[in-house]
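These notes concern the structure reproduced below.
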Amino acid sequence: MYFCSYDTGAAQDNSPSPRPDIHFAGDQQVEGVIIPGPLRSFLRMGGISQKIGPEDVLPLLARNVYLHGYESGVETEFLRLLDRYVHQARELQVLASSNGTIHVANCTDATQLLQILGYQFRQGCGQKGSFLSTASPERAFLTIDSGFPLTLLEEDLRKGVPFSYSFPSTRVPILFHESDWIGVSSWKKKNGGDVVDVLIHEPSIARLYSAMARMDIETGDALRTSPGLRKLLPYGPVLDFYGSQIAIQAGHVMVPGGSDAERGWKDLVGVSLDSPGDFVMHLVAKDGGWMAVYFDALSRVNKTQQIHLTQGARLKRLYEAFQSDGPNPAATKGVFAKGSELLILYTRLEWTSTGGPYVPGNLDVWKEIFNRKPDSKLARDWAKRSRDWRSSEQLLEGVVALCREETDSGPPQMYLLLTEIDSKRPADKRLADGTVRMVANTFAQFNSWYTIFAEFPELDDASISSFVNVAEGIDKISNQPLRSNTLGSFQANVGIWQILARQGEIPPAEMNASWQKVVEPFAKISSSPQLFDAARSSLGAAVLGATGKKEYSQSDVVSLLTGPAQQEADGRRVHQEMAAKILNVMDDQRLASLDTLFALNDGLHELAQGKGDSDRMLSLASQLRDFELPRPIFTKSEKIQWSPAVYSSRHAELQAKTDLAKLIKASASPSQLETARGQLAPFFRDTLVGFNYAYYEPPDAQILHNNPLFVRSHDFAGVTIIGAAQLWGPPDLIGVGTPAGGGAYLMGSLADLPYVLASTEEDFIAPENVQALVWKEMVPDLLVSGTLPRWWKVSPSELHAVTLYQKSGEELLLASVKDPAMRKNIINILADRMTPRRLEQVDRAIQRRDVLMVMQPPLLPADTFYLASEYRRRFPDAAALAGPASQELSDLCRKDPADTNAENISKDFGVPRPTLTRSYSRELLNLKPFPVFGGYSYRLFGESWDSSNLYWARLADEMGYSPVMLNRLAPELTGRMAAKIFATDLDDWPAVLQAMRETGDEFRKGKLSSQQVANLGVPR
């Protein structure tokens, strides 16, 4: 994400365009430092986005220095180049005039400039045919890399005309005062220089600077005063990871749980909250930083959860459990923050009506779970403790303790999944003890598939049991090709059922029956003909559940996958376009039609009975050979030598060798025809799998349309990789960059397919900005948020309500400028969604109308939506008074309460969060943005972004598009947005907001390409 090749022809001024002023720091005067030379060049050399504002230059420079400037204490090439560039820029600055222009009148005048640039003229300056050549490679590299217009200088000197180049310096704000940072620097005392040099040469100061820059102003000033930067310096890493939630107001530390929890925090930390400097020092120093981890996690959950978690002795007990005998590395080890599983747990924890933690099943079941093969000292210790458990509080302590373990299939993950399933079920239909035990026993194997039961609470315990029994039976099939084909067919049909149920085409009352009819045909598969019949029966059950019809064709299945039938002209047109997209993928993957496969199957059965039309069968058989394997470029021995772990796809090779026409011509026996019928099963599998791939096609997909073997090559049984495991988990992309392996393909199950396809296709996105790379931690989740939702049933009233909620939120901000009481209410509402720094910025902005208008719109679309909906809930009589949009929203809510209900809008315009909620259900959640974590929790950051669909909906409504157009508009604009992101840091929210707004502005002004506009259709 950080560094890429630079455009060396940048003679024109590419000064950064300002981001949305999300980092506005008030209206005060701040001290600054001079950045020598054009700011764009400094940002290029520092690996910083060109779209940031001046106030972000030093914080992002500091972050890049400590993240990328040193390896094992040794300066990296990046840092050496940056340091050399700063010195070169200062030398060039001396040559610039008072107005910041470098002017060279002739060759004689150019001598010093060329020396600084590291170049010299060959054949004499000013002569015809003369040219510049390298004199100093180090200086010359910096000249080119920083974008100096060397070609223009060479041409002007050759022609004998004056050369002029704008080389202005830029003053950027400093956090606190320059003397504060220089005062704690040992490098400055030896070498001189300013704060830029200090940040470049002292990574510990750079890290502390970055950490303090993410705090609110009042908190930062308080800590600068006491304990002071020098004492904080050793704890820079802790503050960097876990300091952004620390808030000091009026000399008092604000703690999770509020005033009722202050005594508990005082006892836990050991210092009064009225001594903020000492409190923060003890907080970040205690237990190797793990106390700060705990404080940070609690600070990020909403106030209701904080009150529960800090109630009475619970705060101390849970922290002691979290800290007890856990893995002992420092909380700052590595490049990612710790505590992701604890944060997920505390965010999603359910409570009973009596205030205790919810227990799926009963305590006896959880004692069994904790004692099932504990594989670490921590797990064994808590297994022993669990035998004496008598309350749900003790279970919660055990779950919290094991959040320190780095695993994706331990008791905390089981607890979260089972809680999510039960939370959406009626009280009388919660999971039975036996079901909890069964899910726990099979969790390591099937946890990626159990998310379906969290998404569809209508599926009861019997449906869960049928899935587990069938899946375990499939794993026992000894014939490897048959097992692979069965796995693919079973998972593909389950995926099709999931799509139809998510689109509302399978009624809730019919879900259990249709699910079991989809699953049960695969219970006892022993031959390929039997597999074909089972897969056909299973698919028919899904279609029957959605349509009530037993007979169906390929066009019927494609139509169902596309979405519910539409009555309006716009809806029918978009439905046809979406169906065509699915068929395009199927065609480009050369997949056999269902109609062909069913006709061949039925025809072979008739031929076995002495009936049937051989000529028609020959024509159908030829359609199975509508693809060719690529010509191998390596021999088998070369494959083993160059790619020993990856072998050819036997599945595709067997299909290429299938010749039913030869069998039909040979008047085969009934047993041979039955065997031939089984040869259709692999083709049927691929078609079913292809439907899933096609449905989740990311915008501007390349592999699905240019690699015709991508679907066929999906390895369900791990036959292509020696020692493959976790085959029921999300698939891995295999074979990238290994031509001897026959190309890239997926290995594993179809679980989490939307995200995996987005991850696969993201590498084909061409970033719009020079120096920008695709943001791998963010873009896949962003693409999924635009491709997985469907808006077939959204009404014009609901679409307009989404717009009005956002406008109402903006009106509330404007109205609060003159209303201190309203301003206080707004800040209280937004406190659950914002860090202290961002909340302070908004608070300062809404105190003055001119400042607010500069920031407008100051919040994310999800923020304004939440502000309006929550304000209406808390202050229903005052909400409509904020402005015309607020009044119109109130009128619409009275007229159409169902379509304007915030909860229904959340389900339609929210985003899936499978890491957080263990489900692909869509929700708008009241959450602060998650930090970037490592390991399997790395997706939490991307799942925090939920503004895009709200923004696209507002665009569609304001531009006169019908709601169904979102099915085309959202994926197209989301893909365009992904290409526009120009991020510097892994948690660069402003870069995402900037990209979204730029995309929206282009769309409003008609600046998208003609093809993109054609894809989106025309407004009504």
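The way I read the labels, and the way they are meant: chains A, B, ... in the order of the structure tokens, residue 1 as the first residue of every chain, and ligand 1 as the first ligand shown, with later ones counted on from there.
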Which polymer residues have any atom within 8 Å of an atom of Pro789 in chain A, counting only C-alpha atoms, with same-chain residues fewer than 5 positions away left out, as a list in words? Asp908, Phe909, Val911, Arg922 and Asn967 of chain A
Can you tell me which residues surround Ser204 in chain A at a distance of at most 8 Å, considering only C-alpha atoms, apart from same-chain residues fewer than 6 positions away, and format the answer as a ChimeraX atom specification? /A:66,233-234,236
Mind writing the picked residues with N, CA and C atoms as a tab-separated table (two decimals), in the first residue's frame?
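See out-v9.tsv below for the written result:
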chain	number	residue	atom	x	y	z
A	66	TYR	N	8.64	4.92	11.73
A	66	TYR	CA	8.82	3.81	12.68
A	66	TYR	C	8.34	2.48	12.13
A	233	LEU	N	8.08	8.62	26.60
A	233	LEU	CA	8.82	8.07	25.45
A	233	LEU	C	8.98	6.56	25.50
A	234	PRO	N	9.33	5.94	26.65
A	234	PRO	CA	9.46	4.46	26.65
A	234	PRO	C	8.13	3.73	26.38
A	236	GLY	N	5.85	4.76	24.15
A	236	GLY	CA	5.33	5.14	22.85
A	236	GLY	C	4.63	4.00	22.13
Per DSSP on the backbone, what are the strand (DSSP E or B) residues of range 713-793 of chain A, as a VMD selection string? chain A and resid 715 732 to 734 745 to 747
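Residue nearest Gly53 in chain A within the list A:Asn447, A:Thr864, A:Thr999, A:Gln994: A:Gln994 [criterion: smallest interatomic distance, only C-alpha atoms].
Using only C-alpha atoms, the shortest contact distance between Val195 in chain A and any of A:Ile246, A:Ile35, A:Leu852, A:Leu969 is found at A:Ile35.
Taking only C-alpha atoms into account, Arg954 in chain A lies nearest to A:Ala862 out of the set A:Leu867, A:Leu482, A:Ala862, A:Ala379.
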If you run DSSP on the backbone, which residues of range 501-717 of chain A are alpha helix (DSSP H), as a count of residues only? 134
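Here the question is which of A:Val779, A:Leu232, A:Leu812, A:Val802 gets nearest to Val184 in chain A using only C-alpha atoms, and that residue is A:Leu232.
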Can you pull out every residue within 10 Å of Arg385 in chain A, counting only C-alpha atoms, but drop anything in the same chain fewer than 3 positions away, and send it as number ranges by chain? A: 367, 370-371, 379-382, 388-389, 394-395, 398
Name all residues at most 9 Å from Lys159 in chain A (count only C-alpha atoms; drop same-chain ones fewer than 6 positions away) and give them as a list in words. Gly126, Gln127 and Lys128 of chain A
Write out the residues from the selection above, keeping N, CA and C atoms, as a PDB file, in the first residue's frame.
ATOM      1  N   GLY A 126      24.499  23.513 -23.962  1.00  0.00           N
ATOM      2  CA  GLY A 126      24.004  24.483 -24.934  1.00  0.00           C
ATOM      3  C   GLY A 126      24.293  24.123 -26.371  1.00  0.00           C
ATOM      4  N   GLN A 127      25.016  23.063 -26.616  1.00  0.00           N
ATOM      5  CA  GLN A 127      25.337  22.663 -27.979  1.00  0.00           C
ATOM      6  C   GLN A 127      24.296  21.677 -28.509  1.00  0.00           C
ATOM      7  N   LYS A 128      24.132  21.678 -29.812  1.00  0.00           N
ATOM      8  CA  LYS A 128      23.203  20.758 -30.442  1.00  0.00           C
ATOM      9  C   LYS A 128      23.674  19.318 -30.219  1.00  0.00           C
TER      10      LYS A 128
END
Take CA of Gly147 in chain A and CA of Cys125 in chain A and report the distance between them in Å, one decimal. 22.3 Å
A:Leu924, A:Val518, A:Leu175, A:Leu113 ranked by distance to Ala213 in chain A, top pick (using only C-alpha atoms): A:Leu175
Need the shell around range 567-575 of chain A: protein/DNA/RNA residues with any atom at most 12 Å away, counting only C-alpha atoms. Skip same-chain ones fewer than 3 positions apart. Format as number ranges by chain? A: 558-564, 578-582, 790-795, 961-969, 1015-1020
Which neighbours of Gly786 in chain A fall inside 9 Å, counting only C-alpha atoms, when residues of the same chain fewer than 2 positions from it are skipped, and could you give them as a PyMOL selection string? chain A and resi 698-699+781-784+788-790+911+948-949+967+969-975
Range 492-497 of chain A environment, 8 Å, only C-alpha atoms, sequence neighbours closer than 2 positions dropped, as a VMD selection string: chain A and resid 488 to 490 499 to 501 515 518 to 519 535 538 to 539 542 561 685 688 to 689 691 to 692 750
Selected residues written out, all heavy atoms, as a short mmCIF file (atom, residue, chain, number, x, y, z; two decimals), in the first residue's frame:
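Written file, again.cif:
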data_model
loop_
_atom_site.label_atom_id
_atom_site.label_comp_id
_atom_site.auth_asym_id
_atom_site.auth_seq_id
_atom_site.Cartn_x
_atom_site.Cartn_y
_atom_site.Cartn_z
N GLY A 488 -18.23 -30.68 -3.78
CA GLY A 488 -18.54 -29.51 -4.61
C GLY A 488 -20.02 -29.36 -4.88
O GLY A 488 -20.58 -28.26 -4.78
N SER A 489 -20.68 -30.47 -5.22
CA SER A 489 -22.11 -30.41 -5.52
C SER A 489 -22.93 -30.06 -4.29
O SER A 489 -23.85 -29.22 -4.35
CB SER A 489 -22.58 -31.77 -6.08
OG SER A 489 -21.87 -32.10 -7.25
N PHE A 490 -22.59 -30.67 -3.16
CA PHE A 490 -23.31 -30.40 -1.91
C PHE A 490 -23.15 -28.93 -1.50
O PHE A 490 -24.15 -28.24 -1.21
CB PHE A 490 -22.77 -31.33 -0.83
CG PHE A 490 -23.31 -31.05 0.55
CD1 PHE A 490 -24.63 -31.33 0.86
CD2 PHE A 490 -22.50 -30.52 1.54
CE1 PHE A 490 -25.13 -31.08 2.14
CE2 PHE A 490 -22.98 -30.27 2.81
CZ PHE A 490 -24.30 -30.55 3.11
N ILE A 499 -28.49 -18.22 -1.14
CA ILE A 499 -28.78 -17.05 -1.97
C ILE A 499 -30.29 -16.83 -2.06
O ILE A 499 -30.78 -15.71 -1.88
CB ILE A 499 -28.17 -17.23 -3.37
CG1 ILE A 499 -26.63 -17.16 -3.29
CG2 ILE A 499 -28.70 -16.17 -4.33
CD1 ILE A 499 -25.94 -17.59 -4.57
N LEU A 500 -31.02 -17.90 -2.35
CA LEU A 500 -32.48 -17.77 -2.51
C LEU A 500 -33.14 -17.36 -1.19
O LEU A 500 -34.07 -16.54 -1.18
CB LEU A 500 -33.07 -19.10 -3.01
CG LEU A 500 -32.55 -19.60 -4.36
CD1 LEU A 500 -33.27 -20.89 -4.76
CD2 LEU A 500 -32.72 -18.55 -5.43
N ALA A 501 -32.66 -17.91 -0.09
CA ALA A 501 -33.23 -17.55 1.21
C ALA A 501 -32.90 -16.10 1.55
O ALA A 501 -33.75 -15.36 2.06
CB ALA A 501 -32.69 -18.49 2.29
N TRP A 515 -34.55 -26.65 3.39
CA TRP A 515 -33.15 -26.91 3.75
C TRP A 515 -32.89 -28.41 3.85
O TRP A 515 -31.92 -28.92 3.29
CB TRP A 515 -32.81 -26.21 5.06
CG TRP A 515 -31.49 -26.61 5.65
CD1 TRP A 515 -31.26 -27.63 6.53
CD2 TRP A 515 -30.20 -26.03 5.38
NE1 TRP A 515 -29.92 -27.71 6.85
CE2 TRP A 515 -29.25 -26.74 6.15
CE3 TRP A 515 -29.78 -24.98 4.57
CZ2 TRP A 515 -27.90 -26.42 6.12
CZ3 TRP A 515 -28.42 -24.67 4.55
CH2 TRP A 515 -27.50 -25.38 5.31
N VAL A 518 -32.80 -30.09 0.60
CA VAL A 518 -31.58 -29.78 -0.16
C VAL A 518 -30.41 -30.60 0.35
O VAL A 518 -29.57 -31.08 -0.43
CB VAL A 518 -31.27 -28.27 -0.07
CG1 VAL A 518 -29.86 -27.97 -0.56
CG2 VAL A 518 -32.28 -27.47 -0.88
N VAL A 519 -30.34 -30.83 1.65
CA VAL A 519 -29.19 -31.48 2.27
C VAL A 519 -29.27 -33.00 2.21
O VAL A 519 -28.29 -33.69 1.90
CB VAL A 519 -29.06 -30.98 3.73
CG1 VAL A 519 -28.06 -31.84 4.50
CG2 VAL A 519 -28.65 -29.52 3.76
N ALA A 535 -27.68 -34.64 -6.57
CA ALA A 535 -27.49 -33.21 -6.82
C ALA A 535 -28.70 -32.62 -7.54
O ALA A 535 -29.12 -31.50 -7.25
CB ALA A 535 -26.22 -32.99 -7.64
N SER A 538 -31.52 -32.37 -5.02
CA SER A 538 -31.23 -31.29 -4.08
C SER A 538 -31.51 -29.92 -4.70
O SER A 538 -32.15 -29.07 -4.09
CB SER A 538 -29.76 -31.38 -3.64
OG SER A 538 -29.39 -30.27 -2.89
N LEU A 539 -31.03 -29.72 -5.93
CA LEU A 539 -31.29 -28.45 -6.61
C LEU A 539 -32.78 -28.26 -6.82
O LEU A 539 -33.32 -27.16 -6.63
CB LEU A 539 -30.55 -28.41 -7.94
CG LEU A 539 -30.76 -27.16 -8.80
CD1 LEU A 539 -30.26 -25.92 -8.06
CD2 LEU A 539 -30.05 -27.31 -10.14
N ALA A 542 -34.42 -26.87 -3.75
CA ALA A 542 -34.21 -25.43 -3.58
C ALA A 542 -35.15 -24.64 -4.47
O ALA A 542 -35.76 -23.65 -4.05
CB ALA A 542 -32.76 -25.07 -3.87
N LEU A 561 -31.72 -17.00 -9.16
CA LEU A 561 -30.49 -16.48 -8.58
C LEU A 561 -30.40 -14.96 -8.76
O LEU A 561 -29.90 -14.25 -7.88
CB LEU A 561 -29.28 -17.15 -9.20
CG LEU A 561 -29.03 -18.61 -8.83
CD1 LEU A 561 -27.91 -19.18 -9.67
CD2 LEU A 561 -28.71 -18.74 -7.36
N ARG A 685 -21.44 -30.85 -11.24
CA ARG A 685 -20.79 -30.16 -10.12
C ARG A 685 -20.28 -28.80 -10.54
O ARG A 685 -20.50 -27.78 -9.86
CB ARG A 685 -19.62 -31.00 -9.59
CG ARG A 685 -18.91 -30.38 -8.39
CD ARG A 685 -17.48 -30.88 -8.22
NE ARG A 685 -16.51 -30.07 -8.96
CZ ARG A 685 -15.20 -30.16 -8.81
NH1 ARG A 685 -14.69 -31.06 -7.98
NH2 ARG A 685 -14.37 -29.40 -9.50
N LEU A 688 -23.04 -26.21 -11.06
CA LEU A 688 -23.57 -25.73 -9.78
C LEU A 688 -22.59 -24.79 -9.09
O LEU A 688 -22.98 -23.74 -8.56
CB LEU A 688 -23.88 -26.92 -8.87
CG LEU A 688 -24.98 -27.87 -9.34
CD1 LEU A 688 -25.07 -29.09 -8.42
CD2 LEU A 688 -26.34 -27.15 -9.37
N VAL A 689 -21.32 -25.14 -9.10
CA VAL A 689 -20.30 -24.27 -8.51
C VAL A 689 -20.23 -22.96 -9.29
O VAL A 689 -20.10 -21.87 -8.72
CB VAL A 689 -18.93 -24.97 -8.51
CG1 VAL A 689 -17.82 -24.01 -8.07
CG2 VAL A 689 -18.96 -26.19 -7.59
N PHE A 691 -22.59 -21.36 -10.76
CA PHE A 691 -23.67 -20.46 -10.36
C PHE A 691 -23.25 -19.62 -9.15
O PHE A 691 -23.55 -18.43 -9.07
CB PHE A 691 -24.93 -21.26 -10.03
CG PHE A 691 -25.67 -21.78 -11.22
CD1 PHE A 691 -26.21 -23.06 -11.23
CD2 PHE A 691 -25.84 -21.00 -12.35
CE1 PHE A 691 -26.90 -23.55 -12.32
CE2 PHE A 691 -26.53 -21.48 -13.47
CZ PHE A 691 -27.06 -22.76 -13.45
N ASN A 692 -22.59 -20.25 -8.20
CA ASN A 692 -22.13 -19.52 -7.01
C ASN A 692 -21.07 -18.49 -7.37
O ASN A 692 -21.12 -17.34 -6.91
CB ASN A 692 -21.57 -20.51 -5.98
CG ASN A 692 -22.63 -21.29 -5.24
OD1 ASN A 692 -23.02 -20.96 -4.14
ND2 ASN A 692 -23.11 -22.37 -5.86
N LEU A 750 -16.60 -23.81 -0.45
CA LEU A 750 -17.22 -22.59 -0.97
C LEU A 750 -17.59 -21.62 0.14
O LEU A 750 -18.25 -20.61 -0.13
CB LEU A 750 -18.47 -22.95 -1.79
CG LEU A 750 -18.24 -23.71 -3.09
CD1 LEU A 750 -19.56 -24.00 -3.78
CD2 LEU A 750 -17.32 -22.93 -4.02
#
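For the pair CA of Ser299 in chain A and CA of Arg833 in chain A, the interatomic distance is 10.9 Å.
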Which residue gives the smallest distance to Phe336 in chain A among A:Cys107, A:Leu95, A:Leu208, A:Leu986, with only C-alpha atoms counted? A:Leu986
